[in-house]
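Colleague: What follows is structure-v6.json, made up of JSON, C-alpha atoms:
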[["chain", "number", "residue", "atom", "x", "y", "z"],
["E", 1, "MET", "CA", 39.70, -5.91, -8.47],
["E", 2, "VAL", "CA", 36.50, -4.09, -7.45],
["E", 3, "ASN", "CA", 34.51, -7.35, -7.34],
["E", 4, "GLN", "CA", 37.25, -9.06, -5.33],
["E", 5, "LEU", "CA", 37.34, -6.26, -2.75],
["E", 6, "GLY", "CA", 33.57, -6.29, -2.48],
["E", 7, "GLY", "CA", 33.73, -10.02, -1.88],
["E", 8, "VAL", "CA", 36.30, -9.61, 0.89],
["E", 9, "MET", "CA", 34.17, -7.00, 2.69],
["E", 10, "ALA", "CA", 31.06, -9.20, 2.37],
["E", 11, "SER", "CA", 33.00, -12.17, 3.73],
["E", 12, "SER", "CA", 34.19, -10.10, 6.71],
["E", 13, "LYS", "CA", 30.59, -9.10, 7.55],
["E", 14, "MET", "CA", 29.46, -12.73, 7.28],
["E", 15, "THR", "CA", 32.24, -13.86, 9.65],
["E", 16, "LYS", "CA", 31.11, -11.28, 12.24],
["E", 17, "VAL", "CA", 27.55, -12.61, 12.03],
["E", 18, "VAL", "CA", 28.78, -16.16, 12.65],
["E", 19, "VAL", "CA", 31.06, -15.00, 15.48],
["E", 20, "ASP", "CA", 28.09, -13.33, 17.19],
["E", 21, "LYS", "CA", 26.04, -16.53, 16.82],
["E", 22, "LEU", "CA", 28.89, -18.66, 18.19],
["E", 23, "VAL", "CA", 29.50, -16.38, 21.19],
["E", 24, "GLY", "CA", 25.77, -16.33, 21.90],
["E", 25, "TYR", "CA", 25.60, -20.12, 21.77],
["E", 26, "ILE", "CA", 28.55, -20.47, 24.18],
["E", 27, "GLN", "CA", 27.13, -17.97, 26.65],
["E", 28, "GLU", "CA", 23.71, -19.61, 26.64],
["E", 29, "SER", "CA", 25.07, -23.16, 26.89],
["E", 30, "ASP", "CA", 26.17, -25.05, 29.99],
["E", 31, "ILE", "CA", 29.72, -25.56, 28.68],
["E", 32, "LYS", "CA", 32.10, -24.96, 31.58],
["E", 33, "VAL", "CA", 35.39, -23.09, 31.36],
["E", 34, "GLY", "CA", 38.11, -25.69, 30.78],
["E", 35, "SER", "CA", 35.74, -28.01, 28.91],
["E", 36, "HIS", "CA", 35.71, -28.93, 25.23],
["E", 37, "LEU", "CA", 33.51, -27.18, 22.71],
["E", 38, "PRO", "CA", 31.58, -29.40, 20.31],
["E", 39, "SER", "CA", 33.41, -30.32, 17.11],
["E", 40, "GLU", "CA", 33.35, -27.99, 14.09],
["E", 41, "ARG", "CA", 30.93, -30.37, 12.39],
["E", 42, "ARG", "CA", 28.57, -30.34, 15.36],
["E", 43, "LEU", "CA", 28.76, -26.54, 15.75],
["E", 44, "ALA", "CA", 27.97, -26.16, 12.05],
["E", 45, "GLU", "CA", 24.86, -28.28, 12.56],
["E", 46, "ILE", "CA", 23.80, -26.39, 15.70],
["E", 47, "LEU", "CA", 24.29, -22.91, 14.22],
["E", 48, "GLY", "CA", 23.21, -23.73, 10.66],
["E", 49, "GLU", "CA", 26.50, -22.52, 9.14],
["E", 50, "SER", "CA", 29.21, -24.10, 7.00],
["E", 51, "ARG", "CA", 32.23, -25.70, 8.67],
["E", 52, "GLY", "CA", 34.43, -23.12, 6.94],
["E", 53, "GLN", "CA", 32.54, -20.24, 8.54],
["E", 54, "ILE", "CA", 32.63, -21.99, 11.92],
["E", 55, "ARG", "CA", 36.40, -22.42, 11.59],
["E", 56, "LYS", "CA", 36.82, -18.68, 10.86],
["E", 57, "ALA", "CA", 34.60, -17.79, 13.81],
["E", 58, "LEU", "CA", 36.58, -20.07, 16.14],
["E", 59, "ASN", "CA", 39.79, -18.38, 15.00],
["E", 60, "GLU", "CA", 38.26, -14.98, 15.78],
["E", 61, "ILE", "CA", 37.20, -15.87, 19.32],
["E", 62, "GLU", "CA", 40.57, -17.54, 19.93],
["E", 63, "HIS", "CA", 42.20, -14.16, 19.16],
["E", 64, "ASN", "CA", 39.85, -12.65, 21.76],
["E", 65, "GLY", "CA", 41.02, -15.13, 24.39],
["E", 66, "MET", "CA", 37.69, -16.92, 24.63],
["E", 67, "VAL", "CA", 38.88, -20.35, 23.48],
["E", 68, "GLU", "CA", 42.14, -22.18, 22.84],
["E", 69, "SER", "CA", 42.62, -24.65, 20.01],
["E", 70, "ILE", "CA", 45.00, -27.47, 20.99],
["E", 71, "PRO", "CA", 46.21, -29.90, 18.30],
["E", 72, "GLN", "CA", 45.06, -33.50, 18.88],
["E", 73, "VAL", "CA", 42.95, -32.29, 21.82],
["E", 74, "GLY", "CA", 40.29, -29.92, 20.50],
["E", 75, "THR", "CA", 38.94, -26.46, 21.31],
["E", 76, "ILE", "CA", 38.87, -25.57, 25.00],
["E", 77, "LEU", "CA", 36.70, -22.85, 26.51],
["E", 78, "LYS", "CA", 38.90, -20.34, 28.40],
["E", 79, "SER", "CA", 36.35, -17.59, 29.09],
["E", 80, "ARG", "CA", 32.61, -17.19, 28.61],
["E", 81, "THR", "CA", 33.09, -13.61, 27.40],
["E", 82, "PRO", "CA", 35.52, -12.23, 24.78],
["E", 83, "CYS", "CA", 38.50, -10.28, 26.12],
["E", 84, "VAL", "CA", 38.02, -7.14, 24.04],
["E", 85, "SER", "CA", 41.25, -5.23, 23.53],
["E", 86, "LEU", "CA", 41.59, -1.56, 22.69],
["E", 87, "PHE", "CA", 42.34, -2.60, 19.10],
["E", 88, "GLN", "CA", 39.16, -4.67, 18.93],
["E", 89, "LYS", "CA", 37.16, -1.70, 20.22],
["E", 90, "VAL", "CA", 38.59, 0.43, 17.42],
["E", 91, "LEU", "CA", 37.68, -2.19, 14.84],
["E", 92, "ASN", "CA", 34.11, -2.32, 16.16],
["E", 93, "MET", "CA", 33.59, 1.41, 15.62],
["E", 94, "GLY", "CA", 31.13, 1.99, 12.84],
["E", 95, "ASN", "CA", 33.31, 4.46, 10.95],
["E", 96, "VAL", "CA", 36.35, 2.15, 10.61],
["E", 97, "ASP", "CA", 36.47, 0.47, 7.20],
["E", 98, "LEU", "CA", 38.85, -1.68, 5.18],
["E", 99, "GLN", "CA", 40.39, 1.35, 3.49],
["E", 100, "SER", "CA", 41.25, 2.94, 6.85],
["E", 101, "LEU", "CA", 42.88, -0.25, 8.11],
["E", 102, "ILE", "CA", 44.99, -0.60, 4.95],
["E", 103, "GLU", "CA", 46.17, 2.99, 5.30],
["E", 104, "ILE", "CA", 47.15, 2.29, 8.92],
["E", 105, "ARG", "CA", 49.03, -0.83, 7.84],
["E", 106, "ILE", "CA", 51.03, 1.09, 5.22],
["E", 107, "SER", "CA", 52.04, 3.80, 7.70],
["E", 108, "LEU", "CA", 53.00, 1.37, 10.46],
["E", 109, "GLU", "CA", 54.94, -1.00, 8.18],
["E", 110, "ILE", "CA", 57.06, 1.90, 6.89],
["E", 111, "THR", "CA", 57.70, 3.21, 10.41],
["E", 112, "ALA", "CA", 58.52, -0.29, 11.68],
["E", 113, "ALA", "CA", 61.12, -0.83, 8.97],
["E", 114, "GLY", "CA", 62.92, 2.35, 10.03],
["E", 115, "LEU", "CA", 62.77, 1.42, 13.71],
["E", 116, "ALA", "CA", 64.01, -2.12, 12.97],
["E", 117, "ALA", "CA", 67.07, -0.66, 11.22],
["E", 118, "LYS", "CA", 67.84, 1.25, 14.42],
["E", 119, "ARG", "CA", 66.81, -1.24, 17.09],
["E", 120, "ALA", "CA", 67.07, -4.81, 15.78],
["E", 121, "THR", "CA", 69.64, -7.05, 17.44],
["E", 122, "GLU", "CA", 72.06, -9.01, 15.28],
["E", 123, "ASP", "CA", 70.06, -12.18, 16.04],
["E", 124, "GLU", "CA", 66.85, -10.48, 14.92],
["E", 125, "ILE", "CA", 68.49, -9.33, 11.69],
["E", 126, "GLN", "CA", 69.58, -12.91, 11.01],
["E", 127, "ILE", "CA", 65.98, -14.07, 11.56],
["E", 128, "ILE", "CA", 64.64, -11.38, 9.22],
["E", 129, "GLU", "CA", 67.17, -12.41, 6.57],
["E", 130, "LYS", "CA", 66.35, -16.10, 6.98],
["E", 131, "LEU", "CA", 62.61, -15.47, 6.67],
["E", 132, "CYS", "CA", 63.26, -13.34, 3.59],
["E", 133, "GLU", "CA", 65.04, -16.26, 1.94],
["E", 134, "GLU", "CA", 62.31, -18.71, 2.96],
["E", 135, "TYR", "CA", 59.75, -16.48, 1.27],
["E", 136, "GLY", "CA", 62.01, -16.24, -1.77],
["E", 137, "LYS", "CA", 62.06, -20.02, -2.10],
["E", 138, "GLY", "CA", 58.35, -20.50, -1.51],
["E", 139, "ALA", "CA", 56.86, -17.57, -3.46],
["E", 140, "LEU", "CA", 55.70, -19.42, -6.55],
["E", 141, "ALA", "CA", 52.51, -18.75, -8.49],
["E", 142, "TYR", "CA", 49.61, -20.89, -7.17],
["E", 143, "ALA", "CA", 51.72, -22.06, -4.20],
["E", 144, "ASP", "CA", 50.80, -21.36, -0.56],
["E", 145, "TRP", "CA", 53.46, -18.74, 0.31],
["E", 146, "HIS", "CA", 51.26, -16.58, 2.51],
["E", 147, "ASP", "CA", 52.57, -17.76, 5.89],
["E", 148, "GLU", "CA", 56.16, -17.08, 4.82],
["E", 149, "ASN", "CA", 55.18, -13.56, 3.79],
["E", 150, "LEU", "CA", 53.39, -12.94, 7.10],
["E", 151, "ASN", "CA", 56.36, -14.27, 9.09],
["E", 152, "PHE", "CA", 58.77, -11.97, 7.24],
["E", 153, "HIS", "CA", 56.70, -8.85, 7.84],
["E", 154, "MET", "CA", 56.05, -9.71, 11.49],
["E", 155, "SER", "CA", 59.76, -10.28, 12.11],
["E", 156, "ILE", "CA", 60.38, -6.66, 11.09],
["E", 157, "ILE", "CA", 57.45, -5.42, 13.20],
["E", 158, "ARG", "CA", 58.79, -7.24, 16.28],
["E", 159, "ALA", "CA", 62.30, -5.91, 15.69],
["E", 160, "SER", "CA", 60.87, -2.38, 15.95],
["E", 161, "LYS", "CA", 60.57, -2.96, 19.73],
["E", 162, "ASN", "CA", 57.34, -0.92, 19.74],
["E", 163, "GLU", "CA", 54.85, -3.02, 21.71],
["E", 164, "ALA", "CA", 51.77, -1.05, 20.66],
["E", 165, "MET", "CA", 52.74, -1.35, 17.01],
["E", 166, "ILE", "CA", 53.35, -5.09, 17.44],
["E", 167, "ALA", "CA", 49.92, -5.64, 18.99],
["E", 168, "ILE", "CA", 48.12, -3.67, 16.27],
["E", 169, "MET", "CA", 50.03, -5.26, 13.40],
["E", 170, "GLU", "CA", 49.50, -8.81, 14.66],
["E", 171, "ASN", "CA", 45.78, -8.21, 14.12],
["E", 172, "LEU", "CA", 46.12, -6.31, 10.85],
["E", 173, "LEU", "CA", 48.51, -8.79, 9.25],
["E", 174, "ASN", "CA", 46.34, -11.76, 10.19],
["E", 175, "ASP", "CA", 43.48, -10.05, 8.34],
["E", 176, "ALA", "CA", 45.82, -9.29, 5.44],
["E", 177, "LEU", "CA", 46.80, -12.97, 5.26],
["E", 178, "ALA", "CA", 43.16, -13.97, 4.93],
["E", 179, "HIS", "CA", 42.72, -11.31, 2.23],
["E", 180, "THR", "CA", 45.70, -12.45, 0.14],
["E", 181, "ARG", "CA", 44.63, -16.10, 0.36],
["E", 182, "THR", "CA", 41.34, -15.16, -1.33],
["E", 183, "ARG", "CA", 43.26, -13.48, -4.17],
["E", 184, "ALA", "CA", 46.12, -15.99, -4.64],
["E", 185, "SER", "CA", 45.44, -16.45, -8.35],
["E", 186, "ALA", "CA", 45.99, -12.70, -8.91],
["E", 187, "TYR", "CA", 49.67, -13.03, -7.96],
["E", 188, "THR", "CA", 51.63, -13.81, -11.14],
["E", 189, "GLN", "CA", 55.19, -15.11, -10.93],
["E", 190, "ASP", "CA", 56.46, -11.76, -12.21],
["E", 191, "ARG", "CA", 54.67, -9.96, -9.38],
["E", 192, "LEU", "CA", 56.00, -12.44, -6.82],
["E", 193, "ASP", "CA", 59.55, -12.04, -8.16],
["E", 194, "ARG", "CA", 59.23, -8.27, -7.71],
["E", 195, "SER", "CA", 58.02, -8.84, -4.16],
["E", 196, "ILE", "CA", 61.06, -11.05, -3.43],
["E", 197, "ALA", "CA", 63.41, -8.36, -4.75],
["E", 198, "GLU", "CA", 61.63, -5.72, -2.64],
["E", 199, "HIS", "CA", 61.95, -7.88, 0.49],
["E", 200, "ARG", "CA", 65.69, -8.18, -0.12],
["E", 201, "MET", "CA", 66.03, -4.40, -0.49],
["E", 202, "ILE", "CA", 64.33, -3.95, 2.87],
["E", 203, "VAL", "CA", 66.62, -6.52, 4.50],
["E", 204, "ASN", "CA", 69.75, -4.93, 3.04],
["E", 205, "ALA", "CA", 68.76, -1.52, 4.40],
["E", 206, "ILE", "CA", 68.06, -2.96, 7.87],
["E", 207, "LYS", "CA", 71.42, -4.81, 7.85],
["E", 208, "LYS", "CA", 73.17, -1.51, 7.02],
["E", 209, "ARG", "CA", 71.31, 0.20, 9.89],
["E", 210, "ASP", "CA", 70.01, 2.74, 7.36],
["E", 211, "ALA", "CA", 66.60, 3.74, 8.72],
["E", 212, "LYS", "CA", 65.79, 6.11, 5.87],
["E", 213, "ALA", "CA", 66.61, 3.51, 3.21],
["E", 214, "ALA", "CA", 64.59, 0.88, 5.08],
["E", 215, "GLU", "CA", 61.56, 3.17, 5.19],
["E", 216, "GLU", "CA", 61.94, 3.99, 1.48],
["E", 217, "ALA", "CA", 62.28, 0.30, 0.55],
["E", 218, "MET", "CA", 59.19, -0.59, 2.56],
["E", 219, "SER", "CA", 57.30, 2.32, 1.00],
["E", 220, "VAL", "CA", 58.07, 0.93, -2.46],
["E", 221, "HIS", "CA", 56.91, -2.50, -1.28],
["E", 222, "MET", "CA", 53.64, -1.02, -0.02],
["E", 223, "ASP", "CA", 52.74, 0.37, -3.46],
["E", 224, "LYS", "CA", 50.49, -2.62, -4.12],
["E", 225, "MET", "CA", 48.57, -1.83, -0.93],
["E", 226, "ARG", "CA", 48.15, 1.76, -2.08],
["E", 227, "ALA", "CA", 46.60, 0.37, -5.27],
["E", 228, "VAL", "CA", 44.02, -1.38, -3.08],
["E", 229, "THR", "CA", 43.09, 1.90, -1.37],
["E", 230, "ASP", "CA", 42.81, 3.58, -4.79],
["E", 231, "SER", "CA", 40.37, 0.89, -5.83],
["E", 232, "LEU", "CA", 38.37, 1.42, -2.66],
["E", 233, "ASN", "CA", 38.22, 5.15, -3.42],
["E", 234, "GLU", "CA", 36.65, 4.24, -6.78],
["E", 235, "ILE", "CA", 34.09, 2.02, -5.02],
["E", 236, "MET", "CA", 33.20, 4.76, -2.55],
["E", 237, "GLY", "CA", 32.81, 7.21, -5.46]]
What's the structure tokens form of this structure?

Modeller:
Amino acid sequence: MVNQLGGVMASSKMTKVVVDKLVGYIQESDIKVGSHLPSERRLAEILGESRGQIRKALNEIEHNGMVESIPQVGTILKSRTPCVSLFQKVLNMGNVDLQSLIEIRISLEITAAGLAAKRATEDEIQIIEKLCEEYGKGALAYADWHDENLNFHMSIIRASKNEAMIAIMENLLNDALAHTRTRASAYTQDRLDRSIAEHRMIVNAIKKRDAKAAEEAMSVHMDKMRAVTDSLNEIMG
């Protein structure tokens, strides 16, 4: 676990280095807004990085509104400078680390579950329930179930009707998705089955409009994230 977490943090630092190189290249080039960026292969050659790192960097600057990736068309330049949000400014502060972000995620997910129980429309509850079942069908060891998990959690966040929470969690959960993909082999079928059961407990509480039960069910579900912060405490000494 310690080695895996160290690897995730190192990977995050590497991605930031590549993002900085990519932004610098765009700003120094003569690529016009509305024009295509070079292909991933060509950018990898220009910047001396792997295509995988270039792909991650392109995803990052797309989140910042600098480019737009259009299927069958390519990557289009939308702005020569990143649109830095308040959330991005917080992430760029030197004293914000992975442990802090995980702790924020735990708190907000629990709060969101309670708010969803109070505020979700019937249509939103049906969507949450449907996404829960899709995750239940797809959550198999060594399968790619990560998108289904992300969609389920985000459906609850959106049902909270708290726009600030939605904006923050969209960023945090995208990072969490990347993290879980790197650790897919650590998820045994027994662990995934427990996760499915926990999702269903959350859904049942939201359907009953029981905010307290929804918060408690989400808190139980977040226990595995608390284990990550415990591991980080060990790393920090």

Colleague: Go through E:Glu49, E:Glu40, E:Ala217, E:Asp30 one by one, measure the shortest atom-to-atom distance of each to E:Thr15 using all atoms listed in the file, and give the residue with the smallest value.

Modeller: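 Using all atoms listed in the file, E:Thr15 sits closest to E:Glu49.
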
Colleague: Please, what distance in Å, to one decimal, runs between atom CA of E:Val23 and atom CA of E:Met66?

Modeller: 8.9 Å

Colleague: Record the distance separating atom CA of E:Gln72 and atom CA of E:Asn59, expressed in Å with one decimal.

Modeller: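 One can read the atom CA of E:Gln72 to atom CA of E:Asn59 distance as 16.5 Å.
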
Colleague: Which one is closest to E:Ile127: E:Lys207, E:Glu163, E:Leu47, E:Ile196? Count only C-alpha atoms.

Modeller: E:Lys207

Colleague: Could you state the separation of atom CA of E:Ile156 and atom CA of E:Ile70 in Å, given to one decimal place?

Modeller: 27.7 Å

Colleague: Tell me which protein, DNA and RNA residues are within 7 Å of stretch 157-162 of chain E, counting only C-alpha atoms, leaving out same-chain ones fewer than 5 positions away, and put them as number ranges by chain.

Modeller: E: 112, 115-116, 119-120, 124

Colleague: How would the residues just picked look written out with C-alpha atoms as a CSV table (one decimal), in the coordinates of the input?

Modeller:
chain,number,residue,atom,x,y,z
E,112,ALA,CA,58.5,-0.3,11.7
E,115,LEU,CA,62.8,1.4,13.7
E,116,ALA,CA,64.0,-2.1,13.0
E,119,ARG,CA,66.8,-1.2,17.1
E,120,ALA,CA,67.1,-4.8,15.8
E,124,GLU,CA,66.8,-10.5,14.9

Colleague: Find the residue from E:Ile31, E:Ile110, E:Leu192, E:Val67 that sits nearest to E:Val220; use only C-alpha atoms when measuring.

Modeller: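 The shortest atom-to-atom distance to E:Val220 comes from E:Ile110.
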
Colleague: Pick out the closest residue to E:Arg51 from this set: E:Val203, E:Val18, E:Ala214, E:Ile166. Count all atoms listed in the file.

Modeller: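 Of the candidates, the smallest distance to E:Arg51 is held by E:Val18.
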
Colleague: Quick one: residues within 12 Å of E:Phe152, only C-alpha atoms counted, chain neighbours fewer than 5 positions away excluded, as a list in words?

Modeller: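 Once the nearby chain positions are removed, what remains is Glu109, Ala113, Glu124, Ile125, Gln126, Ile127, Ile128, Glu129, Lys130, Leu131, Cys132, Glu133, Glu134, Tyr135, Gly136, Trp145, His146, Asp147, Ile157, Arg158, Ala159, Leu173, Ser195, Ile196, His199, Arg200, Ile202 and Val203 of chain E.
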
Colleague: Need the shell around E:Ser35: protein/DNA/RNA residues with any atom at most 10 Å away, counting all atoms listed in the file. Skip same-chain ones fewer than 5 positions apart. Format as an MDAnalysis selection string?

Modeller: chainID E and resid 67 74:78

Colleague: To test the calculation: enclose all listed atoms of stretch 20-31 of chain E in a box whose edges run along x, y and z, add 5 Å on each side, then state centre and edge lengths in Å to one decimal, as AutoDock Vina command-line options.

Modeller:
--center_x 26.7 --center_y -19.4 --center_z 23.4 --size_x 16.0 --size_y 22.2 --size_z 23.2
